[in-house]
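Asker: Just final_9.pdb, nothing more (PDB, C-alpha atoms):
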ATOM      1  CA  MET A   1      34.886  86.419-156.014
ATOM      2  CA  LYS A   2      33.405  89.625-154.611
ATOM      3  CA  LYS A   3      30.889  91.201-156.956
ATOM      4  CA  LYS A   4      31.643  94.857-157.670
ATOM      5  CA  PRO A   5      28.446  96.897-157.216
ATOM      6  CA  ARG A   6      27.175  99.140-159.979
ATOM      7  CA  PRO A   7      25.288 101.946-158.203
ATOM      8  CA  SER A   8      23.445 102.992-161.340
ATOM      9  CA  GLU A   9      21.708  99.608-161.454
ATOM     10  CA  GLY A  10      20.431  99.784-157.874
ATOM     11  CA  ILE A  11      19.171  96.609-156.255
ATOM     12  CA  ALA A  12      18.129  95.146-159.615
ATOM     13  CA  GLN A  13      21.673  93.841-160.087
ATOM     14  CA  TYR A  14      21.164  91.450-157.155
ATOM     15  CA  ARG A  15      17.950  89.859-158.426
ATOM     16  CA  PHE A  16      18.030  86.059-158.307
ATOM     17  CA  GLU A  17      17.395  84.915-161.852
ATOM     18  CA  GLY A  18      15.862  81.469-162.122
ATOM     19  CA  GLY A  19      17.251  78.463-160.333
ATOM     20  CA  ASP A  20      16.207  76.892-157.054
ATOM     21  CA  ILE A  21      15.494  79.566-154.433
ATOM     22  CA  ALA A  22      15.496  77.089-151.561
ATOM     23  CA  GLN A  23      18.806  75.577-152.641
ATOM     24  CA  ASP A  24      20.369  79.016-152.954
ATOM     25  CA  ILE A  25      19.407  79.792-149.354
ATOM     26  CA  ARG A  26      20.591  76.408-148.122
ATOM     27  CA  ASP A  27      23.934  76.668-149.909
ATOM     28  CA  LYS A  28      24.733  80.258-148.964
ATOM     29  CA  TYR A  29      23.383  80.449-145.431
ATOM     30  CA  GLY A  30      23.156  76.846-144.228
ATOM     31  CA  PHE A  31      19.497  77.294-143.349
ATOM     32  CA  ASP A  32      16.821  74.668-143.860
ATOM     33  CA  GLY A  33      14.100  75.545-141.344
ATOM     34  CA  ASP A  34      10.321  75.754-141.620
ATOM     35  CA  LEU A  35      10.381  79.368-142.745
ATOM     36  CA  LEU A  36      12.335  78.391-145.835
ATOM     37  CA  ASP A  37       9.549  76.049-146.924
ATOM     38  CA  ILE A  38       6.873  78.604-146.044
ATOM     39  CA  PHE A  39       8.627  81.226-148.166
ATOM     40  CA  VAL A  40       9.447  79.201-151.273
ATOM     41  CA  GLN A  41       6.140  77.296-151.289
ATOM     42  CA  HIS A  42       4.039  80.432-150.824
ATOM     43  CA  LYS A  43       1.021  80.567-153.136
ATOM     44  CA  GLY A  44      -0.913  83.764-152.726
ATOM     45  CA  ASP A  45      -0.262  87.489-152.762
ATOM     46  CA  VAL A  46       3.282  88.536-153.591
ATOM     47  CA  VAL A  47       5.945  88.333-150.890
ATOM     48  CA  HIS A  48       9.341  89.802-151.801
ATOM     49  CA  LYS A  49      12.329  89.043-149.559
ATOM     50  CA  TRP A  50      16.106  89.049-149.842
ATOM     51  CA  HIS A  51      17.353  85.490-149.426
ATOM     52  CA  HIS A  52      19.615  86.207-146.466
ATOM     53  CA  TYR A  53      16.668  87.594-144.498
ATOM     54  CA  ILE A  54      15.012  84.191-144.149
ATOM     55  CA  PRO A  55      17.500  82.673-141.657
ATOM     56  CA  LEU A  56      17.681  85.981-139.790
ATOM     57  CA  TYR A  57      13.915  86.081-139.370
ATOM     58  CA  ASP A  58      14.055  82.575-137.946
ATOM     59  CA  ARG A  59      16.908  83.465-135.594
ATOM     60  CA  TYR A  60      15.045  86.364-134.007
ATOM     61  CA  PHE A  61      11.385  85.371-134.369
ATOM     62  CA  SER A  62      11.359  81.588-133.817
ATOM     63  CA  ARG A  63      10.804  81.946-130.058
ATOM     64  CA  TYR A  64       7.488  83.623-130.771
ATOM     65  CA  ARG A  65       6.031  80.769-132.813
ATOM     66  CA  ASN A  66       2.776  79.262-131.594
ATOM     67  CA  THR A  67       2.378  81.923-128.907
ATOM     68  CA  PRO A  68      -0.063  84.861-128.652
ATOM     69  CA  VAL A  69       2.702  87.213-129.803
ATOM     70  CA  ARG A  70       1.613  90.717-130.787
ATOM     71  CA  PHE A  71       3.375  91.291-134.101
ATOM     72  CA  LEU A  72       3.355  94.571-136.032
ATOM     73  CA  GLU A  73       4.681  94.816-139.566
ATOM     74  CA  ILE A  74       5.224  98.291-140.986
ATOM     75  CA  GLY A  75       4.604  98.033-144.727
ATOM     76  CA  VAL A  76       1.896  95.769-146.145
ATOM     77  CA  SER A  77       2.682  96.181-149.855
ATOM     78  CA  LYS A  78       1.099  93.260-151.779
ATOM     79  CA  GLY A  79      -0.096  91.455-148.645
ATOM     80  CA  GLY A  80       2.032  88.350-149.060
ATOM     81  CA  SER A  81       4.298  89.072-146.122
ATOM     82  CA  LEU A  82       1.404  89.063-143.640
ATOM     83  CA  GLN A  83       0.320  85.706-145.061
ATOM     84  CA  MET A  84       3.835  84.354-144.559
ATOM     85  CA  TRP A  85       3.920  85.524-140.961
ATOM     86  CA  ARG A  86       0.550  83.957-140.217
ATOM     87  CA  LYS A  87       1.775  80.587-141.472
ATOM     88  CA  TYR A  88       5.027  80.915-139.546
ATOM     89  CA  LEU A  89       3.814  82.354-136.246
ATOM     90  CA  GLY A  90       0.586  80.378-135.990
ATOM     91  CA  ASP A  91      -3.065  81.009-135.259
ATOM     92  CA  GLU A  92      -2.529  82.466-131.771
ATOM     93  CA  ALA A  93      -0.486  85.413-133.032
ATOM     94  CA  VAL A  94      -2.044  88.869-133.084
ATOM     95  CA  ILE A  95      -0.774  90.215-136.408
ATOM     96  CA  PHE A  96      -1.239  93.782-137.588
ATOM     97  CA  GLY A  97       0.148  95.536-140.638
ATOM     98  CA  ILE A  98       0.203  99.237-141.367
ATOM     99  CA  ASP A  99       0.655 101.032-144.669
ATOM    100  CA  ILE A 100       0.117 104.530-146.007
ATOM    101  CA  ASN A 101      -1.389 103.178-149.240
ATOM    102  CA  PRO A 102      -5.203 102.977-148.864
ATOM    103  CA  ASP A 103      -5.295 100.096-151.361
ATOM    104  CA  CYS A 104      -3.724  97.907-148.673
ATOM    105  CA  ALA A 105      -7.006  98.011-146.745
ATOM    106  CA  ALA A 106      -8.076  95.215-149.095
ATOM    107  CA  TYR A 107      -5.901  92.839-147.049
ATOM    108  CA  ASP A 108      -7.562  93.667-143.739
ATOM    109  CA  GLY A 109      -8.904  90.539-142.058
ATOM    110  CA  ASP A 110      -7.014  88.159-144.332
ATOM    111  CA  ALA A 111      -3.873  87.002-142.513
ATOM    112  CA  GLY A 112      -4.077  89.844-140.019
ATOM    113  CA  GLN A 113      -5.507  93.265-139.383
ATOM    114  CA  VAL A 114      -4.467  96.173-141.613
ATOM    115  CA  ARG A 115      -4.627  99.827-140.649
ATOM    116  CA  ILE A 116      -3.955 102.734-143.006
ATOM    117  CA  GLY A 117      -1.717 105.579-141.899
ATOM    118  CA  SER A 118       1.824 106.910-141.844
ATOM    119  CA  GLN A 119       4.610 105.267-139.910
ATOM    120  CA  ALA A 120       5.827 108.782-139.102
ATOM    121  CA  ASP A 121       2.553 109.758-137.394
ATOM    122  CA  PRO A 122       2.884 109.267-133.611
ATOM    123  CA  GLU A 123      -0.869 109.450-132.961
ATOM    124  CA  PHE A 124      -1.598 106.831-135.607
ATOM    125  CA  LEU A 125       1.098 104.481-134.326
ATOM    126  CA  THR A 126      -0.106 104.866-130.753
ATOM    127  CA  SER A 127      -3.683 104.100-131.753
ATOM    128  CA  VAL A 128      -2.626 100.892-133.499
ATOM    129  CA  ILE A 129      -0.592  99.686-130.515
ATOM    130  CA  ASP A 130      -3.504 100.463-128.210
ATOM    131  CA  GLU A 131      -5.806  98.437-130.447
ATOM    132  CA  MET A 132      -3.333  95.541-130.411
ATOM    133  CA  GLY A 133      -3.162  95.618-126.631
ATOM    134  CA  GLY A 134       0.588  96.223-126.766
ATOM    135  CA  VAL A 135       3.310  94.933-129.042
ATOM    136  CA  ASP A 136       6.042  92.295-128.687
ATOM    137  CA  VAL A 137       7.630  92.435-132.140
ATOM    138  CA  VAL A 138       7.978  95.271-134.643
ATOM    139  CA  LEU A 139       9.243  94.624-138.161
ATOM    140  CA  ASP A 140       9.884  97.865-140.054
ATOM    141  CA  ASP A 141       9.568  97.101-143.766
ATOM    142  CA  GLY A 142       7.876 100.401-144.517
ATOM    143  CA  SER A 143       8.919 103.429-146.545
ATOM    144  CA  HIS A 144      12.651 102.926-145.824
ATOM    145  CA  GLN A 145      12.982 106.699-145.616
ATOM    146  CA  MET A 146      15.578 107.633-143.001
ATOM    147  CA  ASP A 147      13.316 110.156-141.243
ATOM    148  CA  HIS A 148      10.415 107.700-141.134
ATOM    149  CA  ILE A 149      12.545 104.874-139.732
ATOM    150  CA  GLU A 150      13.780 107.084-136.910
ATOM    151  CA  ALA A 151      10.319 108.475-136.173
ATOM    152  CA  SER A 152       8.774 105.001-135.894
ATOM    153  CA  LEU A 153      11.592 103.751-133.685
ATOM    154  CA  LYS A 154      11.245 106.626-131.232
ATOM    155  CA  VAL A 155       7.482 106.102-130.899
ATOM    156  CA  LEU A 156       7.239 102.315-130.987
ATOM    157  CA  PHE A 157      10.320 101.139-129.107
ATOM    158  CA  PRO A 158       9.152 102.632-125.798
ATOM    159  CA  ARG A 159       5.841 100.778-126.287
ATOM    160  CA  LEU A 160       7.537  97.462-127.020
ATOM    161  CA  SER A 161       7.104  94.841-124.317
ATOM    162  CA  ASN A 162      10.011  94.012-122.031
ATOM    163  CA  GLY A 163      12.032  91.312-123.777
ATOM    164  CA  GLY A 164      10.595  92.269-127.158
ATOM    165  CA  THR A 165      12.251  92.525-130.560
ATOM    166  CA  TYR A 166      12.462  95.490-132.945
ATOM    167  CA  MET A 167      13.787  94.710-136.429
ATOM    168  CA  ILE A 168      14.436  97.191-139.236
ATOM    169  CA  GLU A 169      15.118  95.767-142.678
ATOM    170  CA  ASP A 170      16.227  96.998-146.102
ATOM    171  CA  LEU A 171      18.778  99.323-144.544
ATOM    172  CA  HIS A 172      20.848  99.322-147.715
ATOM    173  CA  THR A 173      18.647 102.378-148.307
ATOM    174  CA  ALA A 174      20.810 104.150-145.729
ATOM    175  CA  TYR A 175      23.316 104.568-148.551
ATOM    176  CA  LEU A 176      20.822 105.735-151.188
ATOM    177  CA  PRO A 177      19.964 109.452-151.584
ATOM    178  CA  ASN A 178      16.422 108.728-152.783
ATOM    179  CA  TRP A 179      15.651 107.368-149.322
ATOM    180  CA  GLY A 180      17.299 110.233-147.476
ATOM    181  CA  GLY A 181      20.551 108.386-147.036
ATOM    182  CA  GLY A 182      24.005 108.470-148.571
ATOM    183  CA  PHE A 183      27.474 107.191-147.695
ATOM    184  CA  ARG A 184      28.406 110.402-145.901
ATOM    185  CA  SER A 185      24.904 111.630-145.199
ATOM    186  CA  ARG A 186      24.166 112.806-141.677
ATOM    187  CA  LYS A 187      20.783 111.091-142.027
ATOM    188  CA  ASN A 188      22.298 107.676-142.770
ATOM    189  CA  PHE A 189      20.605 105.391-140.211
ATOM    190  CA  PHE A 190      23.903 103.891-139.129
ATOM    191  CA  ASN A 191      24.902 107.295-137.758
ATOM    192  CA  LEU A 192      21.901 107.049-135.445
ATOM    193  CA  LEU A 193      23.248 103.719-134.207
ATOM    194  CA  ARG A 194      26.365 105.452-132.903
ATOM    195  CA  LYS A 195      24.082 107.541-130.699
ATOM    196  CA  VAL A 196      22.392 104.374-129.467
ATOM    197  CA  PHE A 197      25.776 102.826-128.645
ATOM    198  CA  ASP A 198      26.809 105.943-126.735
ATOM    199  CA  ASP A 199      23.620 105.770-124.681
ATOM    200  CA  MET A 200      24.147 102.067-123.975
ATOM    201  CA  HIS A 201      27.500 102.985-122.446
ATOM    202  CA  LEU A 202      26.403 106.042-120.487
ATOM    203  CA  TRP A 203      27.834 104.451-117.341
ATOM    204  CA  TYR A 204      31.300 105.202-118.671
ATOM    205  CA  HIS A 205      30.964 108.828-119.828
ATOM    206  CA  ASP A 206      29.414 112.039-118.513
ATOM    207  CA  LYS A 207      27.332 113.026-121.556
ATOM    208  CA  ARG A 208      23.556 113.280-121.620
ATOM    209  CA  PRO A 209      21.506 110.614-123.475
ATOM    210  CA  ARG A 210      21.518 111.288-127.194
ATOM    211  CA  ILE A 211      18.226 109.442-127.865
ATOM    212  CA  PRO A 212      16.240 109.744-124.634
ATOM    213  CA  GLU A 213      13.257 107.852-126.095
ATOM    214  CA  LEU A 214      15.353 104.661-125.962
ATOM    215  CA  GLU A 215      17.264 105.377-122.770
ATOM    216  CA  GLY A 216      17.820 102.490-120.410
ATOM    217  CA  GLU A 217      15.909  99.911-122.474
ATOM    218  CA  VAL A 218      18.248  98.854-125.294
ATOM    219  CA  ALA A 219      19.802  95.619-124.063
ATOM    220  CA  GLY A 220      21.521  94.784-127.338
ATOM    221  CA  VAL A 221      21.859  95.709-131.000
ATOM    222  CA  HIS A 222      22.555  93.214-133.781
ATOM    223  CA  VAL A 223      23.763  94.466-137.157
ATOM    224  CA  HIS A 224      23.532  92.351-140.314
ATOM    225  CA  ASP A 225      23.586  93.186-144.009
ATOM    226  CA  SER A 226      20.623  95.593-144.364
ATOM    227  CA  ILE A 227      19.058  94.485-141.054
ATOM    228  CA  VAL A 228      19.357  95.898-137.540
ATOM    229  CA  VAL A 229      17.706  94.246-134.531
ATOM    230  CA  PHE A 230      17.182  95.890-131.142
ATOM    231  CA  ASP A 231      16.653  93.835-127.972
ATOM    232  CA  LYS A 232      14.299  95.503-125.503
ATOM    233  CA  ALA A 233      14.930  95.039-121.779
ATOM    234  CA  LYS A 234      15.324  97.160-118.697
ATOM    235  CA  VAL A 235      19.012  97.852-118.273
ATOM    236  CA  SER A 236      20.634  97.910-114.845
ATOM    237  CA  ALA A 237      23.875  99.586-113.849
ATOM    238  CA  PRO A 238      26.771  97.184-114.403
ATOM    239  CA  THR A 239      28.584  95.567-111.508
ATOM    240  CA  HIS A 240      31.692  93.400-111.300
ATOM    241  CA  SER A 241      33.248  91.093-108.746
ATOM    242  CA  LYS A 242      36.511  89.363-107.989
ATOM    243  CA  VAL A 243      36.330  85.811-106.697
ATOM    244  CA  SER A 244      39.056  83.373-105.765
TER     245      SER A 244
END
The structure given in the file should be rewritten as structure tokens.
Answerer:
Amino acid sequence: MKKKPRPSEGIAQYRFEGGDIAQDIRDKYGFDGDLLDIFVQHKGDVVHKWHHYIPLYDRYFSRYRNTPVRFLEIGVSKGGSLQMWRKYLGDEAVIFGIDINPDCAAYDGDAGQVRIGSQADPEFLTSVIDEMGGVDVVLDDGSHQMDHIEASLKVLFPRLSNGGTYMIEDLHTAYLPNWGGGFRSRKNFFNLLRKVFDDMHLWYHDKRPRIPELEGEVAGVHVHDSIVVFDKAKVSAPTHSKVS
């Protein structure tokens, strides 16, 4: 039976109370991969994830395991997420985290490198990517503010390597006024996606690109509950053929 949301309770109403976390993920999402064990057996700094994210992470990030992937996580929080990614991606991965909270500098050099600054600051973001030597994966788990999400995307996506992956999570905030969103808010991130879709189909209309920072390099967009994933690749004009 569908659970009726109670907006006044926020996300607290969806907290998993007791029980077997691993079994909940297995039963609901049919997932039983390595990342499940890494998540539920984690002993260290706090890592906080929605259960349905675990199989989605594996779907989009598994190809990067045990490679020298350059992985940037926006939002360090309690440091546990960087530890999880180190265990999952392996020792070869170049892992950086950024956070605006100076206390997060305490996690620098643990599971990855941590730099302090705003995800809405283009100069800061550029300096981090330069230090990393480029970036293959971006995971935006930062402020969740609509303006910040858009600002980071416009700066970082053009710097993403060809074939790379850009994931934004916790997009339920797109419906919450405290994060600059709202069901009918112009700033709701999913309104920005419509602009992306229009640009992906510019071959079929005569309008100018609506988000020129992303023009010609969005090969695909995947939308899940609270998660959006962009595929980065050079896009060529479409062609078709008839054969018989």
Asker: Could you list, as an NGL selection string, every residue matched by the PyMOL selection byres ((chain A and resi 156) around 12) in this structure?
Answerer: :A and (72-74 or 119-130 or 134-140 or 148-155 or 157-161 or 164-167 or 213-214 or 230 or 232)
Asker: Write to file, as an mmCIF file, keeping the file's coordinate frame, the residues of the selection just made, with C-alpha atoms.
Answerer:
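As a result, selection-v4.cif now contains:
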data_model
loop_
_atom_site.group_PDB
_atom_site.id
_atom_site.type_symbol
_atom_site.label_atom_id
_atom_site.label_comp_id
_atom_site.auth_asym_id
_atom_site.auth_seq_id
_atom_site.Cartn_x
_atom_site.Cartn_y
_atom_site.Cartn_z
ATOM 1 C CA LEU A 72 3.355 94.571 -136.032
ATOM 2 C CA GLU A 73 4.681 94.816 -139.566
ATOM 3 C CA ILE A 74 5.224 98.291 -140.986
ATOM 4 C CA GLN A 119 4.610 105.267 -139.910
ATOM 5 C CA ALA A 120 5.827 108.782 -139.102
ATOM 6 C CA ASP A 121 2.553 109.758 -137.394
ATOM 7 C CA PRO A 122 2.884 109.267 -133.611
ATOM 8 C CA GLU A 123 -0.869 109.450 -132.961
ATOM 9 C CA PHE A 124 -1.598 106.831 -135.607
ATOM 10 C CA LEU A 125 1.098 104.481 -134.326
ATOM 11 C CA THR A 126 -0.106 104.866 -130.753
ATOM 12 C CA SER A 127 -3.683 104.100 -131.753
ATOM 13 C CA VAL A 128 -2.626 100.892 -133.499
ATOM 14 C CA ILE A 129 -0.592 99.686 -130.515
ATOM 15 C CA ASP A 130 -3.504 100.463 -128.210
ATOM 16 C CA GLY A 134 0.588 96.223 -126.766
ATOM 17 C CA VAL A 135 3.310 94.933 -129.042
ATOM 18 C CA ASP A 136 6.042 92.295 -128.687
ATOM 19 C CA VAL A 137 7.630 92.435 -132.140
ATOM 20 C CA VAL A 138 7.978 95.271 -134.643
ATOM 21 C CA LEU A 139 9.243 94.624 -138.161
ATOM 22 C CA ASP A 140 9.884 97.865 -140.054
ATOM 23 C CA HIS A 148 10.415 107.700 -141.134
ATOM 24 C CA ILE A 149 12.545 104.874 -139.732
ATOM 25 C CA GLU A 150 13.780 107.084 -136.910
ATOM 26 C CA ALA A 151 10.319 108.475 -136.173
ATOM 27 C CA SER A 152 8.774 105.001 -135.894
ATOM 28 C CA LEU A 153 11.592 103.751 -133.685
ATOM 29 C CA LYS A 154 11.245 106.626 -131.232
ATOM 30 C CA VAL A 155 7.482 106.102 -130.899
ATOM 31 C CA PHE A 157 10.320 101.139 -129.107
ATOM 32 C CA PRO A 158 9.152 102.632 -125.798
ATOM 33 C CA ARG A 159 5.841 100.778 -126.287
ATOM 34 C CA LEU A 160 7.537 97.462 -127.020
ATOM 35 C CA SER A 161 7.104 94.841 -124.317
ATOM 36 C CA GLY A 164 10.595 92.269 -127.158
ATOM 37 C CA THR A 165 12.251 92.525 -130.560
ATOM 38 C CA TYR A 166 12.462 95.490 -132.945
ATOM 39 C CA MET A 167 13.787 94.710 -136.429
ATOM 40 C CA GLU A 213 13.257 107.852 -126.095
ATOM 41 C CA LEU A 214 15.353 104.661 -125.962
ATOM 42 C CA PHE A 230 17.182 95.890 -131.142
ATOM 43 C CA LYS A 232 14.299 95.503 -125.503
#
Asker: So that I can check the surroundings of region 43-46 of chain A, please list as a PyMOL selection string every protein, DNA and RNA residue that reaches within 9 Å of it, counting all atoms listed in the file and ignoring chain neighbours fewer than 5 positions away.
Answerer: chain A and resi 77-81+83
Asker: Taking into account only C-alpha atoms, which residue in the set A:Val69, A:Val40, A:Ile100, A:Ala237 is nearest to Trp203 (chain A)?
Answerer: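 When distances to Trp203 (chain A) are compared using only C-alpha atoms, the smallest one comes from A:Ala237.
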Asker: Please measure the separation of CA of Tyr29 (chain A) and CA of His52 (chain A), giving the value in Å to one decimal.
Answerer: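 A separation of 7.0 Å between them.
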Asker: Which is closest to Tyr204 (chain A) among A:Tyr107, A:Pro238, A:Asp37, A:His172, if we use all atoms listed in the file?
Answerer: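 Nearest to Tyr204 (chain A): A:Pro238.
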Asker: Do you know which residues are at most 12 Å from Phe16 (chain A) counting only C-alpha atoms, after dropping those on the same chain fewer than 6 positions away, and could you put them as a ChimeraX atom specification?
Answerer: /A:22-25,48-52
Asker: Please provide the set of residues having any atom within 12 Å of Leu202 (chain A), restricted to only C-alpha atoms, with same-chain residues fewer than 6 positions apart removed, written as a list in words.
Answerer: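 Near neighbours after the sequence-gap exclusion: Lys195, Val196, Arg208, Pro209, Arg210, Ile211, Pro212, Glu215, Gly216, Val218, Val235, Ser236, Ala237 and Pro238 of chain A.
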Asker: Write out as a list of chain:residue names the residues lying within 12 Å of Gly109 (chain A), counting all atoms listed in the file and excluding same-chain residues fewer than 6 positions away.
Answerer: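 The contact residues come out as A:Gly79, A:Leu82, A:Gln83, A:Arg86, A:Val94, A:Ile95, A:Phe96, A:Gly97, A:Arg115.
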Asker: Which residues fall under the PyMOL selection byres ((chain A and resi 68) around 8) in this file, as a list in words?
Answerer: Tyr64, Asn66, Thr67, Val69, Arg70, Glu92, Ala93 and Val94 of chain A
Asker: Apply the PyMOL selection byres ((chain A and resi 227-229) around 7) to the file shown and report the selected residues as a ChimeraX atom specification.
Answerer: /A:165-171,221-226,230-231
Asker: Suppose you want the space between CA of His144 (chain A) and CA of Asp58 (chain A); what is it in Å?
Answerer: 21.9 Å
Asker: Tell me which of A:Asp34, A:Ala111, A:Lys207, A:Asn162 sits closest to Asp91 (chain A), counting all atoms listed in the file.
Answerer: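 Under the stated criterion, the closest residue is A:Ala111.
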Asker: Separation of CA of Gly90 (chain A) and CA of Asp141 (chain A), in Å?
Answerer: 20.5 Å
Asker: Box for region 215-234 of chain A: with edges along x, y and z, all listed atoms inside and 6 Å added on each side, what are the centre and edge lengths in Å to one decimal, as JSON?
Answerer:
{"center_x": 19.0, "center_y": 98.9, "center_z": -131.5, "size_x": 21.5, "size_y": 25.0, "size_z": 37.7}
Asker: Return the single residue from A:Val76, A:Trp85, A:Ile21, A:Leu35 that is closest to Leu56 (chain A), with distances computed using all atoms listed in the file.
Answerer: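 Going through A:Val76, A:Trp85, A:Ile21, A:Leu35 one by one, the smallest distance to Leu56 (chain A) is for A:Leu35.
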Asker: Give me region 155-162 of chain A with all heavy atoms filled in, as a PDB file, in the coordinates of the input.
Answerer:
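To be explicit, this is the file written out as part-v8.pdb:
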ATOM      1  N   VAL A 155       8.844 106.250-131.429  1.00  0.00           N
ATOM      2  CA  VAL A 155       7.482 106.102-130.899  1.00  0.00           C
ATOM      3  C   VAL A 155       7.221 104.669-130.431  1.00  0.00           C
ATOM      4  O   VAL A 155       6.665 104.443-129.348  1.00  0.00           O
ATOM      5  CB  VAL A 155       6.434 106.497-131.958  1.00  0.00           C
ATOM      6  CG1 VAL A 155       5.026 106.152-131.482  1.00  0.00           C
ATOM      7  CG2 VAL A 155       6.532 107.978-132.274  1.00  0.00           C
ATOM      8  N   LEU A 156       7.628 103.695-131.242  1.00  0.00           N
ATOM      9  CA  LEU A 156       7.239 102.315-130.987  1.00  0.00           C
ATOM     10  C   LEU A 156       8.149 101.584-129.999  1.00  0.00           C
ATOM     11  O   LEU A 156       7.674 100.732-129.237  1.00  0.00           O
ATOM     12  CB  LEU A 156       7.197 101.540-132.308  1.00  0.00           C
ATOM     13  CG  LEU A 156       6.101 101.969-133.288  1.00  0.00           C
ATOM     14  CD1 LEU A 156       6.254 101.236-134.613  1.00  0.00           C
ATOM     15  CD2 LEU A 156       4.719 101.717-132.690  1.00  0.00           C
ATOM     16  N   PHE A 157       9.428 101.880-130.011  1.00  0.00           N
ATOM     17  CA  PHE A 157      10.320 101.139-129.107  1.00  0.00           C
ATOM     18  C   PHE A 157       9.935 101.310-127.646  1.00  0.00           C
ATOM     19  O   PHE A 157       9.926 100.324-126.894  1.00  0.00           O
ATOM     20  CB  PHE A 157      11.782 101.540-129.342  1.00  0.00           C
ATOM     21  CG  PHE A 157      12.749 100.630-128.645  1.00  0.00           C
ATOM     22  CD1 PHE A 157      13.143  99.431-129.231  1.00  0.00           C
ATOM     23  CD2 PHE A 157      13.258 100.948-127.392  1.00  0.00           C
ATOM     24  CE1 PHE A 157      14.027  98.575-128.576  1.00  0.00           C
ATOM     25  CE2 PHE A 157      14.140 100.106-126.741  1.00  0.00           C
ATOM     26  CZ  PHE A 157      14.526  98.916-127.337  1.00  0.00           C
ATOM     27  N   PRO A 158       9.587 102.515-127.193  1.00  0.00           N
ATOM     28  CA  PRO A 158       9.152 102.632-125.798  1.00  0.00           C
ATOM     29  C   PRO A 158       7.884 101.835-125.484  1.00  0.00           C
ATOM     30  O   PRO A 158       7.655 101.471-124.323  1.00  0.00           O
ATOM     31  CB  PRO A 158       8.899 104.147-125.638  1.00  0.00           C
ATOM     32  CG  PRO A 158       9.787 104.780-126.652  1.00  0.00           C
ATOM     33  CD  PRO A 158       9.736 103.842-127.827  1.00  0.00           C
ATOM     34  N   ARG A 159       7.068 101.543-126.491  1.00  0.00           N
ATOM     35  CA  ARG A 159       5.841 100.778-126.287  1.00  0.00           C
ATOM     36  C   ARG A 159       6.066  99.273-126.400  1.00  0.00           C
ATOM     37  O   ARG A 159       5.164  98.476-126.101  1.00  0.00           O
ATOM     38  CB  ARG A 159       4.781 101.203-127.315  1.00  0.00           C
ATOM     39  CG  ARG A 159       4.330 102.649-127.217  1.00  0.00           C
ATOM     40  CD  ARG A 159       3.557 102.938-125.927  1.00  0.00           C
ATOM     41  NE  ARG A 159       2.390 102.083-125.790  1.00  0.00           N
ATOM     42  CZ  ARG A 159       1.182 102.357-126.276  1.00  0.00           C
ATOM     43  NH1 ARG A 159       0.989 103.481-126.974  1.00  0.00           N
ATOM     44  NH2 ARG A 159       0.176 101.540-126.084  1.00  0.00           N
ATOM     45  N   LEU A 160       7.229  98.876-126.853  1.00  0.00           N
ATOM     46  CA  LEU A 160       7.537  97.462-127.020  1.00  0.00           C
ATOM     47  C   LEU A 160       7.598  96.781-125.656  1.00  0.00           C
ATOM     48  O   LEU A 160       8.095  97.356-124.681  1.00  0.00           O
ATOM     49  CB  LEU A 160       8.892  97.326-127.725  1.00  0.00           C
ATOM     50  CG  LEU A 160       9.276  95.988-128.362  1.00  0.00           C
ATOM     51  CD1 LEU A 160       8.358  95.648-129.524  1.00  0.00           C
ATOM     52  CD2 LEU A 160      10.727  96.049-128.839  1.00  0.00           C
ATOM     53  N   SER A 161       7.092  95.564-125.582  1.00  0.00           N
ATOM     54  CA  SER A 161       7.104  94.841-124.317  1.00  0.00           C
ATOM     55  C   SER A 161       8.526  94.524-123.871  1.00  0.00           C
ATOM     56  O   SER A 161       9.447  94.411-124.690  1.00  0.00           O
ATOM     57  CB  SER A 161       6.299  93.538-124.439  1.00  0.00           C
ATOM     58  OG  SER A 161       6.912  92.673-125.379  1.00  0.00           O
ATOM     59  N   ASN A 162       8.707  94.379-122.564  1.00  0.00           N
ATOM     60  CA  ASN A 162      10.011  94.012-122.031  1.00  0.00           C
ATOM     61  C   ASN A 162      10.410  92.639-122.578  1.00  0.00           C
ATOM     62  O   ASN A 162       9.636  91.683-122.509  1.00  0.00           O
ATOM     63  CB  ASN A 162       9.958  93.972-120.504  1.00  0.00           C
ATOM     64  CG  ASN A 162      11.333  93.865-119.890  1.00  0.00           C
ATOM     65  OD1 ASN A 162      12.251  94.585-120.283  1.00  0.00           O
ATOM     66  ND2 ASN A 162      11.483  92.984-118.915  1.00  0.00           N
TER      67      ASN A 162
END
